[in-house]
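Shown next: run.txt, given as compact mmCIF, C-alpha atoms and all ligand atoms.
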```txt
# COMPACT_ATOMS: atom_id res chain seq x y z
CA MET N 1 48.25 -14.16 -17.84
CA TYR N 2 47.48 -12.64 -21.23
CA ARG N 3 43.98 -11.48 -22.06
CA VAL N 4 42.85 -12.02 -25.62
CA ALA N 5 39.59 -10.74 -27.07
CA VAL N 6 37.94 -13.22 -29.41
CA ILE N 7 35.54 -12.21 -32.14
CA LYS N 8 34.50 -15.34 -33.95
CA GLY N 9 32.22 -13.67 -36.48
CA ASP N 10 29.95 -15.68 -38.76
CA GLY N 11 30.14 -18.25 -41.54
CA ILE N 12 33.15 -20.47 -40.87
CA GLY N 13 34.59 -17.89 -38.44
CA PRO N 14 33.46 -19.67 -35.26
CA GLU N 15 34.67 -23.09 -36.46
CA VAL N 16 38.18 -21.96 -37.30
CA VAL N 17 38.57 -19.77 -34.22
CA ASP N 18 37.52 -22.64 -31.96
CA ALA N 19 40.22 -24.74 -33.64
CA ALA N 20 42.84 -22.02 -33.10
CA ILE N 21 41.90 -21.68 -29.41
CA GLU N 22 42.29 -25.44 -28.94
CA VAL N 23 45.76 -25.29 -30.44
CA VAL N 24 46.80 -22.30 -28.31
CA ASN N 25 45.60 -24.11 -25.21
CA ALA N 26 47.74 -27.08 -26.23
CA VAL N 27 50.93 -25.01 -26.14
CA THR N 28 50.32 -22.60 -23.28
CA SER N 29 48.11 -21.97 -20.30
CA ARG N 30 49.07 -18.31 -20.18
CA VAL N 31 46.33 -17.02 -22.46
CA ARG N 32 42.76 -16.38 -21.37
CA PHE N 33 40.12 -15.71 -24.03
CA TYR N 34 37.19 -13.31 -23.73
CA GLU N 35 34.48 -13.46 -26.35
CA PHE N 36 32.93 -10.40 -28.00
CA GLU N 37 30.22 -10.15 -30.59
CA GLY N 38 30.38 -8.18 -33.82
CA GLY N 39 28.99 -7.99 -37.34
CA VAL N 40 25.60 -7.75 -39.00
CA GLU N 41 23.61 -9.11 -36.06
CA VAL N 42 25.07 -6.49 -33.73
CA PHE N 43 24.39 -3.84 -36.39
CA LYS N 44 20.71 -4.83 -36.53
CA ARG N 45 20.38 -4.28 -32.79
CA HIS N 46 22.71 -1.32 -32.23
CA GLY N 47 23.26 0.36 -35.60
CA VAL N 48 27.02 -0.30 -35.44
CA PRO N 49 29.06 -3.43 -36.25
CA ILE N 50 30.47 -3.47 -32.72
CA THR N 51 29.36 -1.50 -29.68
CA GLN N 52 31.43 1.29 -28.17
CA ASP N 53 31.41 -0.46 -24.79
CA ASP N 54 32.88 -3.59 -26.33
CA LEU N 55 35.49 -1.57 -28.18
CA GLU N 56 36.57 0.06 -24.93
CA GLU N 57 36.89 -3.36 -23.29
CA ILE N 58 38.84 -4.73 -26.24
CA LYS N 59 41.29 -1.83 -26.13
CA LYS N 60 42.30 -2.98 -22.65
CA MET N 61 43.18 -6.49 -23.87
CA ASP N 62 46.63 -7.67 -24.95
CA ALA N 63 45.54 -8.90 -28.40
CA VAL N 64 42.52 -9.84 -30.50
CA LEU N 65 41.82 -13.10 -32.32
CA PHE N 66 39.31 -12.63 -35.13
CA GLY N 67 37.55 -15.22 -37.32
CA ALA N 68 35.63 -13.92 -40.31
CA THR N 69 32.49 -11.95 -41.03
CA THR N 70 30.28 -11.49 -44.04
CA THR N 71 30.04 -7.88 -45.20
CA PRO N 72 26.91 -7.40 -47.32
CA PHE N 73 27.20 -4.87 -50.16
CA ASP N 74 23.64 -3.73 -49.84
CA LEU N 75 22.84 -3.21 -46.17
CA PRO N 76 22.31 0.54 -45.85
CA GLY N 77 24.61 2.17 -43.31
CA TYR N 78 26.59 -1.00 -42.61
CA LYS N 79 30.35 -0.76 -42.38
CA SER N 80 32.67 -3.75 -42.43
CA LEU N 81 33.49 -5.00 -38.92
CA ILE N 82 37.14 -5.80 -39.65
CA ILE N 83 37.71 -2.42 -41.26
CA THR N 84 36.04 -0.75 -38.29
CA LEU N 85 38.31 -2.66 -35.91
CA ARG N 86 41.44 -1.79 -37.88
CA LYS N 87 40.46 1.87 -37.68
CA GLU N 88 39.25 1.97 -34.07
CA LEU N 89 42.28 0.08 -32.76
CA ASN N 90 44.64 2.02 -35.04
CA LEU N 91 46.05 -1.15 -36.60
CA TYR N 92 48.07 0.48 -39.33
CA ALA N 93 50.23 -2.42 -40.41
CA ASN N 94 48.98 -5.62 -41.99
CA LEU N 95 51.50 -8.44 -42.22
CA ARG N 96 50.70 -11.54 -44.26
CA ILE N 97 52.91 -14.58 -44.45
CA ILE N 98 52.20 -16.96 -47.30
CA PRO N 99 53.97 -20.23 -46.62
CA ASP N 100 55.14 -22.94 -48.96
CA PHE N 101 54.87 -25.90 -46.61
CA THR N 102 56.96 -28.18 -48.78
CA ASP N 103 60.20 -26.24 -48.55
CA GLY N 104 59.75 -23.51 -45.95
CA ARG N 105 59.85 -20.55 -48.33
CA GLU N 106 57.49 -17.66 -47.64
CA ILE N 107 56.01 -14.67 -49.38
CA VAL N 108 55.86 -11.76 -46.94
CA ILE N 109 53.52 -8.86 -47.57
CA VAL N 110 53.21 -5.65 -45.57
CA ARG N 111 50.02 -3.89 -46.51
CA GLU N 112 49.37 -0.33 -45.33
CA ASN N 113 46.22 -0.88 -43.31
CA SER N 114 44.77 2.50 -42.39
CA GLU N 115 44.65 4.81 -45.39
CA GLY N 116 45.15 4.61 -49.17
CA LEU N 117 41.92 3.77 -50.95
CA TYR N 118 40.48 2.60 -47.64
CA SER N 119 40.69 6.12 -46.22
CA GLY N 120 36.95 6.06 -45.59
CA GLN N 121 36.54 9.42 -47.26
CA GLY N 122 34.42 8.20 -50.15
CA ARG N 123 31.21 9.97 -51.12
CA ALA N 124 28.40 9.22 -53.52
CA PHE N 125 26.48 11.99 -55.30
CA ASP N 126 23.59 11.69 -57.75
CA ASP N 127 25.83 11.57 -60.77
CA ARG N 128 29.18 10.38 -59.41
CA ALA N 129 30.98 8.68 -56.57
CA VAL N 130 34.46 9.31 -55.28
CA ASP N 131 36.98 7.44 -53.13
CA VAL N 132 39.99 9.26 -51.77
CA ARG N 133 43.38 7.55 -52.00
CA LEU N 134 44.91 9.26 -49.01
CA ILE N 135 48.59 8.86 -48.18
CA THR N 136 49.80 10.97 -45.27
CA ARG N 137 53.39 11.55 -44.33
CA GLU N 138 52.76 10.03 -40.92
CA GLY N 139 51.02 6.99 -42.39
CA ALA N 140 53.68 6.42 -45.01
CA GLU N 141 56.50 6.80 -42.51
CA ARG N 142 55.15 4.40 -39.94
CA ILE N 143 54.37 1.66 -42.46
CA ALA N 144 57.77 2.08 -44.08
CA ARG N 145 59.38 1.73 -40.64
CA PHE N 146 57.33 -1.34 -39.94
CA ALA N 147 58.35 -2.93 -43.25
CA ALA N 148 61.98 -2.01 -42.59
CA ARG N 149 61.78 -3.67 -39.21
CA VAL N 150 60.30 -6.83 -40.70
CA ALA N 151 62.97 -6.83 -43.41
CA LYS N 152 65.76 -6.42 -40.84
CA GLU N 153 64.42 -9.19 -38.63
CA ARG N 154 64.37 -11.47 -41.64
CA GLY N 155 67.74 -10.33 -42.99
CA SER N 156 65.92 -9.24 -46.13
CA PHE N 157 65.04 -6.23 -48.26
CA ILE N 158 61.85 -4.37 -49.22
CA THR N 159 60.14 -4.51 -52.58
CA PHE N 160 57.95 -1.42 -52.73
CA VAL N 161 55.10 -2.07 -55.14
CA HIS N 162 53.40 1.06 -56.44
CA LYS N 163 51.98 2.95 -59.36
CA ALA N 164 54.09 6.07 -58.94
CA ASN N 165 54.31 6.45 -62.71
CA VAL N 166 50.64 7.48 -62.68
CA LEU N 167 49.38 8.18 -59.17
CA THR N 168 50.30 11.34 -57.28
CA SER N 169 49.65 9.60 -53.98
CA ASP N 170 52.15 6.84 -54.79
CA LYS N 171 54.78 9.35 -55.93
CA PHE N 172 54.51 10.88 -52.47
CA PHE N 173 54.47 7.45 -50.77
CA ARG N 174 57.54 6.35 -52.75
CA ARG N 175 59.60 9.35 -51.70
CA ILE N 176 58.92 8.63 -48.05
CA VAL N 177 59.58 4.89 -48.35
CA LEU N 178 62.95 5.54 -49.98
CA GLU N 179 63.80 8.11 -47.32
CA VAL N 180 62.88 5.87 -44.39
CA ALA N 181 64.63 2.83 -45.88
CA ARG N 182 67.81 4.86 -46.31
CA GLU N 183 67.62 5.94 -42.66
CA GLU N 184 66.99 2.38 -41.56
CA GLY N 185 69.73 0.97 -43.75
CA VAL N 186 67.38 -1.36 -45.62
CA GLU N 187 67.62 -1.99 -49.36
CA VAL N 188 64.52 -1.08 -51.39
CA ARG N 189 63.70 -2.54 -54.77
CA GLU N 190 60.71 -1.21 -56.67
CA ALA N 191 58.05 -2.65 -58.90
CA ILE N 192 55.05 -1.27 -60.75
CA VAL N 193 51.95 -2.98 -59.46
CA ASP N 194 50.48 -4.18 -62.75
CA SER N 195 53.58 -5.92 -64.04
CA PHE N 196 54.40 -7.10 -60.53
CA THR N 197 51.29 -9.31 -60.59
CA ILE N 198 52.96 -11.41 -63.27
CA LYS N 199 56.11 -11.76 -61.16
CA LEU N 200 54.01 -12.72 -58.19
CA VAL N 201 52.48 -15.53 -60.23
CA ARG N 202 55.64 -16.77 -61.94
CA ASN N 203 58.39 -16.11 -59.48
CA PRO N 204 56.86 -15.26 -56.11
CA TRP N 205 59.61 -16.10 -53.61
CA ASP N 206 62.31 -13.56 -54.39
CA HIS N 207 60.81 -10.23 -53.41
CA GLY N 208 61.88 -9.89 -49.79
CA VAL N 209 59.22 -7.97 -47.88
CA ILE N 210 56.59 -6.69 -50.30
CA LEU N 211 55.26 -3.29 -49.22
CA SER N 212 52.21 -1.64 -50.76
CA GLU N 213 49.25 0.67 -50.34
CA ASN N 214 46.08 -0.68 -48.73
CA LEU N 215 44.03 -1.81 -51.77
CA PHE N 216 47.05 -2.93 -53.77
CA GLY N 217 48.17 -4.93 -50.74
CA ASP N 218 44.69 -6.44 -50.39
CA ILE N 219 44.72 -7.66 -53.97
CA LEU N 220 48.36 -8.78 -54.05
CA SER N 221 48.01 -10.77 -50.85
CA ASP N 222 44.96 -12.67 -52.09
CA LEU N 223 46.78 -13.42 -55.34
CA ALA N 224 49.84 -14.64 -53.47
CA THR N 225 47.80 -17.21 -51.55
CA ILE N 226 47.68 -19.42 -54.64
CA HIS N 227 51.25 -20.40 -53.81
CA ALA N 228 50.26 -21.74 -50.41
CA GLY N 229 47.87 -24.25 -51.94
CA SER N 230 44.77 -22.62 -50.47
CA ILE N 231 43.68 -19.26 -49.15
CA GLY N 232 42.57 -21.24 -46.12
CA VAL N 233 46.09 -21.55 -44.68
CA VAL N 234 47.28 -17.95 -44.75
CA PRO N 235 47.51 -15.94 -41.51
CA THR N 236 47.41 -12.19 -40.96
CA GLY N 237 48.58 -9.90 -38.20
CA ASN N 238 47.17 -6.36 -37.95
CA TYR N 239 49.47 -4.27 -35.75
CA GLY N 240 49.16 -0.93 -34.05
CA ASP N 241 51.28 0.70 -31.37
CA ASP N 242 49.10 -0.56 -28.52
CA ILE N 243 47.42 -3.77 -29.62
CA ALA N 244 47.36 -6.25 -32.50
CA LEU N 245 44.62 -8.32 -34.12
CA PHE N 246 45.17 -11.70 -35.74
CA GLU N 247 42.89 -13.26 -38.35
CA PRO N 248 43.04 -15.74 -41.20
CA ILE N 249 43.13 -14.00 -44.57
CA HIS N 250 40.12 -15.98 -45.78
CA GLY N 251 36.54 -14.78 -45.52
CA SER N 252 33.44 -16.26 -43.93
CA ALA N 253 32.79 -18.82 -46.74
CA PRO N 254 29.04 -19.14 -46.04
CA ASP N 255 28.77 -21.94 -48.64
CA ILE N 256 30.67 -24.37 -46.40
CA ALA N 257 29.75 -22.93 -43.00
CA GLY N 258 28.53 -25.44 -40.47
CA LYS N 259 29.73 -28.44 -42.47
CA GLY N 260 32.82 -28.93 -40.34
CA ILE N 261 35.16 -28.91 -43.33
CA ALA N 262 36.63 -25.41 -43.14
CA ASN N 263 40.42 -25.30 -43.21
CA PRO N 264 41.53 -24.24 -39.70
CA ILE N 265 45.19 -23.67 -40.60
CA GLY N 266 44.89 -19.95 -41.45
CA ALA N 267 43.33 -19.29 -38.04
CA ILE N 268 45.80 -21.58 -36.27
CA LEU N 269 48.81 -19.83 -37.83
CA SER N 270 47.24 -16.45 -36.99
CA ALA N 271 47.18 -17.63 -33.39
CA ALA N 272 50.87 -18.58 -33.75
CA MET N 273 51.64 -15.02 -34.91
CA MET N 274 49.69 -13.81 -31.89
CA LEU N 275 51.79 -15.90 -29.50
CA ASP N 276 54.94 -14.39 -30.98
CA TYR N 277 53.47 -10.93 -30.47
CA LEU N 278 52.71 -11.73 -26.83
CA GLY N 279 56.26 -12.94 -26.29
CA LEU N 280 55.14 -16.56 -26.16
CA ASP N 281 56.65 -18.83 -28.78
CA GLY N 282 54.56 -19.37 -31.92
CA SER N 283 57.20 -21.46 -33.63
CA ARG N 284 55.97 -24.71 -32.09
CA ILE N 285 52.66 -24.21 -33.85
CA TRP N 286 54.34 -23.34 -37.16
CA ASN N 287 56.51 -26.43 -36.96
CA ALA N 288 53.58 -28.66 -36.08
CA VAL N 289 51.49 -27.29 -38.95
CA ARG N 290 54.34 -27.71 -41.41
CA SER N 291 54.91 -31.25 -40.33
CA TYR N 292 51.19 -32.09 -40.39
CA VAL N 293 50.62 -30.61 -43.84
CA ARG N 294 53.42 -32.74 -45.29
CA LYS N 295 51.87 -36.01 -44.23
CA GLY N 296 48.38 -35.54 -42.86
CA ASN N 297 44.93 -35.68 -44.42
CA LEU N 298 43.88 -32.13 -45.30
CA THR N 299 40.53 -30.40 -45.73
CA PRO N 300 38.81 -30.46 -49.18
CA ASP N 301 40.17 -27.02 -50.24
CA MET N 302 43.59 -28.73 -50.25
CA GLY N 303 42.42 -31.88 -51.96
CA GLY N 304 41.86 -33.97 -48.84
CA THR N 305 38.85 -35.43 -47.08
CA ALA N 306 39.57 -34.38 -43.50
CA THR N 307 37.29 -32.35 -41.27
CA THR N 308 38.26 -29.18 -39.41
CA MET N 309 38.42 -31.19 -36.21
CA GLU N 310 40.61 -33.94 -37.65
CA VAL N 311 43.15 -31.42 -38.92
CA THR N 312 43.12 -29.61 -35.57
CA ARG N 313 43.62 -32.82 -33.61
CA GLY N 314 46.37 -33.86 -36.03
CA ILE N 315 48.21 -30.59 -35.48
CA ILE N 316 47.89 -30.90 -31.71
CA GLN N 317 49.27 -34.42 -31.95
CA GLU N 318 52.24 -33.05 -33.91
CA ILE N 319 52.85 -30.45 -31.23
CA HIS N 320 53.16 -33.20 -28.64
CA ASP N 321 55.22 -35.48 -30.88
CA LEU N 322 57.66 -32.82 -32.08
CA ASP N 323 58.40 -31.17 -28.82
CA PRO N 324 57.42 -32.56 -25.47
CA PHE N 325 58.70 -29.41 -23.76
CA ASP N 326 56.28 -27.24 -21.91
CA LEU N 327 56.42 -23.85 -23.58
CA ASP N 328 55.66 -22.11 -20.31
CA GLU N 329 59.02 -23.12 -18.92
CA LEU N 330 60.74 -21.33 -21.75
CA TRP N 331 58.75 -18.21 -21.38
CA MET N 332 60.48 -14.97 -20.51
CA GLU N 333 58.73 -11.82 -19.45
CA GLU N 334 61.41 -9.57 -20.94
CA VAL N 335 60.70 -10.55 -24.51
CA ARG N 336 57.12 -9.57 -24.28
CA LEU N 337 56.55 -6.03 -25.45
CA GLY N 338 57.62 -4.08 -28.43
CA ARG N 339 58.65 -7.03 -30.51
CA ILE N 340 57.38 -7.46 -33.98
CA PRO N 341 55.92 -10.82 -34.03
CA LEU N 342 57.77 -12.58 -36.72
CA ARG N 343 57.81 -16.24 -36.39
CA MET N 344 60.99 -17.76 -35.16
CA GLU N 345 62.54 -20.81 -36.79
O1 LIG P 401 41.21 -8.45 -44.98
C1 LIG P 401 41.01 -8.50 -46.19
O2 LIG P 401 41.91 -8.61 -47.01
C2 LIG P 401 39.61 -8.47 -46.68
O3 LIG P 401 39.57 -8.53 -48.07
C3 LIG P 401 38.89 -7.23 -46.17
C4 LIG P 401 39.51 -6.00 -46.75
O4 LIG P 401 38.99 -5.43 -47.72
O5 LIG P 401 40.54 -5.56 -46.24
C5 LIG P 401 37.45 -7.39 -46.47
C6 LIG P 401 36.56 -6.44 -45.72
C7 LIG P 401 35.17 -6.98 -45.56
O6 LIG P 401 34.62 -7.57 -46.49
O7 LIG P 401 34.63 -6.84 -44.47
```

Can you turn what I pasted into structure tokens?
Amino acid sequence: MYRVAVIKGDGIGPEVVDAAIEVVNAVTSRVRFYEFEGGVEVFKRHGVPITQDDLEEIKKMDAVLFGATTTPFDLPGYKSLIITLRKELNLYANLRIIPDFTDGREIVIVRENSEGLYSGQGRAFDDRAVDVRLITREGAERIARFAARVAKERGSFITFVHKANVLTSDKFFRRIVLEVAREEGVEVREAIVDSFTIKLVRNPWDHGVILSENLFGDILSDLATIHAGSIGVVPTGNYGDDIALFEPIHGSAPDIAGKGIANPIGAILSAAMMLDYLGLDGSRIWNAVRSYVRKGNLTPDMGGTATTMEVTRGIIQEIHDLDPFDLDELWMEEVRLGRIPLRME
């Protein structure tokens, strides 16, 4: 039995996570969910976005499923819950898969998830403020290895997107990426981040595995979601050496929270990535989602009129229609650990 920590968050977080849990339960009975609280409400009571006790419990789990939280700009002392979790759980690699449901193509982005401009070493003074764009050898090496592994599993190459023509930190990062890729036998192409944005708009599918620093990766991955039809369908895996956390790329969308119209697909596909990570098979969920999106009524962000629940039920129906097999019969203990959770066709 796998133990998964669930942090639903706020806004539409709880709605989409509930949908993802329903879908997981439709394909396997091997996952048990344990709910934890985090975010602004916890901060108001404890002064931290998640308590140390909860963090210790979560570290003992096999994976985390996360919804979304609102991070206010102006709450003194508050630090983003998701960024805290990435740091505390040492989730250094962020993998985002942006699907084109019509023809199966994907944009794959590996975002360095622990340093760069998110190093957490910023300081404000009376007359200035500074953020530190930290790239360490260790951090650069491990993310380059992760990207190489993803590229190999997909029979692909890396496009390293940087600003090494200007930034010292990216010059350093670039040297290490090229070194690691050579060792790993993976081809690296390069692009300068500003002009790459145009390529990502015009011709997004031909870049293999896109690898970039934390903030660049944040921006590029949001931009890339336009090719999926909605930011609401894009999943994310955050991986460390001991545990991984899965979350939709979208935020808490307070404007539509509680209306029952949030797109659950990003959370559902995040759960599919999680099943792959656990050694269970996420591909049944991917296939069901693909098939549903082609013919089913979608939520308003994708031009439809469906509710979160209708889409979720529709996907579960597809799971049963497409493949009456019981996943559990196909399950093998050996495949469980150490595998990077790419989805299988
Ligand atoms: O996961 C993301 O891409 C989000 O934009 C977060 C980020 O900056 O990495 C947002 C963090 C937050 O608002 O709590």

(request) Determine the nearest neighbour of ligand LIG 401 (chain P) from the options N:Leu223, N:Leu81, N:Val64, N:Leu117, counting all atoms listed in the file. (result)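 Ranking N:Leu223, N:Leu81, N:Val64, N:Leu117 by distance to ligand LIG 401 (chain P), first place goes to N:Leu81.
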
(request) Excluding Ser291 (chain N) and any residue of its chain fewer than 6 positions from it, enumerate the residues within 10 Å of it, using all atoms listed in the file, and give them as a PyMOL selection string. (result) chain N and resi 101-102+285+314-315+318-319+322

(request) May I ask which of the residues N:Ala164, N:Ala68, N:Ile135, N:Met1 is the closest one to Arg30 (chain N), counting only C-alpha atoms? (result) N:Met1

(message) as a list in words, please: the residues near Ser114 (chain N) (cut-off 9 Å, all atoms listed in the file, same-chain neighbours under 4 positions excluded).
(response)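 Contacts, in chain order: Ile83, Arg86, Lys87, Asn90, Leu91, Tyr92, Ala93, Tyr118, Ser119, Gly139 and Asn214 of chain N.
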
(message) At a cut-off of 8 Å around ligand LIG 401 (chain P), and using all atoms listed in the file, what residues come up? Please write them as a ChimeraX atom specification.
(response) /N:69-72,79-83,113,214-215,218-219,221-222,249-251

(message) So, with all atoms listed in the file as the atoms that count, which of N:Leu200, N:Leu95, N:Tyr78, N:Ile261 lies closest to Arg149 (chain N)?
(response) N:Leu95

(request) In Å, rounded to a single decimal, give me how far CA of Phe157 (chain N) is from CA of Gly232 (chain N). (result)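 Separation of CA of Gly232 (chain N) and CA of Phe157 (chain N): 27.1 Å.
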
(message) Need to verify the contact set: Val48 (chain N), 9 Å, all atoms listed in the file, exclusion of same-chain residues closer than 4 positions in sequence. Can you return it as a ChimeraX atom specification?
(response) /N:38-40,42-44,52,77-79,81

(message) Please list as a ChimeraX atom specification every residue within 10 Å of Arg3 (chain N), counting only C-alpha atoms and excluding residues in the same chain fewer than 4 positions away.
(response) /N:30-34,58,60-64,278

Contact residues around Arg137 (chain N) with all atoms listed in the file at 10 Å, ignoring same-chain residues under 3 positions, as a short mmCIF file (atom, residue, chain, number, x, y, z; two decimals) with C-alpha atoms, in the coordinates of the input:
```
data_model
loop_
_atom_site.label_atom_id
_atom_site.label_comp_id
_atom_site.auth_asym_id
_atom_site.auth_seq_id
_atom_site.Cartn_x
_atom_site.Cartn_y
_atom_site.Cartn_z
CA LEU N 134 44.91 9.26 -49.01
CA ALA N 140 53.68 6.42 -45.01
CA GLU N 141 56.50 6.80 -42.51
CA ARG N 142 55.15 4.40 -39.94
CA PHE N 172 54.51 10.88 -52.47
CA PHE N 173 54.47 7.45 -50.77
CA ARG N 175 59.60 9.35 -51.70
CA ILE N 176 58.92 8.63 -48.05
CA VAL N 177 59.58 4.89 -48.35
#
```

(message) One decimal, in Å: what's the spacing between CA of Thr307 (chain N) and CA of Ala262 (chain N)?
(response)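 A separation of 7.2 Å between them.
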
(request) Identify the residues around (48.2, -18.6, -36.5) within a radius of 8 Å, measuring from only C-alpha atoms in the coordinates stated by the file, and give them as a ChimeraX atom specification. (result) /N:20,235-236,246-248,265-274,282,285-286

Could you please fill out region 16-41 of chain N with N, CA and C atoms and send it back as a short mmCIF file (atom, residue, chain, number, x, y, z; two decimals), in the coordinates of the input?
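As a result, selection.cif now contains:
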```cif
data_model
loop_
_atom_site.label_atom_id
_atom_site.label_comp_id
_atom_site.auth_asym_id
_atom_site.auth_seq_id
_atom_site.Cartn_x
_atom_site.Cartn_y
_atom_site.Cartn_z
N VAL N 16 36.72 -22.04 -37.22
CA VAL N 16 38.18 -21.96 -37.30
C VAL N 16 38.78 -21.30 -36.06
N VAL N 17 38.05 -20.38 -35.45
CA VAL N 17 38.57 -19.77 -34.22
C VAL N 17 38.57 -20.78 -33.07
N ASP N 18 37.52 -21.59 -33.00
CA ASP N 18 37.52 -22.64 -31.96
C ASP N 18 38.73 -23.55 -32.13
N ALA N 19 39.06 -23.88 -33.37
CA ALA N 19 40.22 -24.74 -33.64
C ALA N 19 41.50 -24.05 -33.16
N ALA N 20 41.63 -22.75 -33.48
CA ALA N 20 42.84 -22.02 -33.10
C ALA N 20 42.98 -21.94 -31.58
N ILE N 21 41.85 -21.77 -30.87
CA ILE N 21 41.90 -21.68 -29.41
C ILE N 21 42.36 -23.02 -28.82
N GLU N 22 41.86 -24.11 -29.41
CA GLU N 22 42.29 -25.44 -28.94
C GLU N 22 43.80 -25.61 -29.07
N VAL N 23 44.33 -25.14 -30.20
CA VAL N 23 45.76 -25.29 -30.44
C VAL N 23 46.56 -24.41 -29.48
N VAL N 24 46.11 -23.17 -29.27
CA VAL N 24 46.80 -22.30 -28.31
C VAL N 24 46.82 -22.96 -26.93
N ASN N 25 45.67 -23.49 -26.53
CA ASN N 25 45.60 -24.11 -25.21
C ASN N 25 46.50 -25.35 -25.11
N ALA N 26 46.84 -25.92 -26.25
CA ALA N 26 47.74 -27.08 -26.23
C ALA N 26 49.20 -26.67 -26.03
N VAL N 27 49.53 -25.42 -26.33
CA VAL N 27 50.93 -25.01 -26.14
C VAL N 27 51.16 -24.09 -24.94
N THR N 28 50.12 -23.49 -24.43
CA THR N 28 50.32 -22.60 -23.28
C THR N 28 49.06 -22.48 -22.44
N SER N 29 49.26 -22.25 -21.16
CA SER N 29 48.11 -21.97 -20.30
C SER N 29 48.13 -20.51 -19.88
N ARG N 30 48.93 -19.71 -20.57
CA ARG N 30 49.07 -18.31 -20.18
C ARG N 30 48.12 -17.35 -20.90
N VAL N 31 47.24 -17.89 -21.72
CA VAL N 31 46.33 -17.02 -22.46
C VAL N 31 44.89 -17.31 -22.03
N ARG N 32 44.19 -16.23 -21.68
CA ARG N 32 42.76 -16.38 -21.37
C ARG N 32 41.96 -15.64 -22.43
N PHE N 33 40.91 -16.27 -22.93
CA PHE N 33 40.12 -15.71 -24.03
C PHE N 33 38.80 -15.12 -23.53
N TYR N 34 38.44 -13.98 -24.09
CA TYR N 34 37.19 -13.31 -23.73
C TYR N 34 36.41 -13.04 -25.00
N GLU N 35 35.20 -13.55 -25.08
CA GLU N 35 34.48 -13.46 -26.35
C GLU N 35 33.67 -12.17 -26.48
N PHE N 36 33.72 -11.60 -27.68
CA PHE N 36 32.93 -10.40 -28.00
C PHE N 36 32.17 -10.66 -29.29
N GLU N 37 31.06 -9.95 -29.41
CA GLU N 37 30.22 -10.15 -30.59
C GLU N 37 30.38 -8.98 -31.55
N GLY N 38 30.31 -9.28 -32.86
CA GLY N 38 30.38 -8.18 -33.82
C GLY N 38 29.83 -8.63 -35.16
N GLY N 39 29.46 -7.65 -35.99
CA GLY N 39 28.99 -7.99 -37.34
C GLY N 39 27.55 -7.55 -37.58
N VAL N 40 26.93 -8.18 -38.55
CA VAL N 40 25.60 -7.75 -39.00
C VAL N 40 24.55 -7.87 -37.90
N GLU N 41 24.63 -8.93 -37.11
CA GLU N 41 23.61 -9.11 -36.06
C GLU N 41 23.69 -7.98 -35.03
#
```
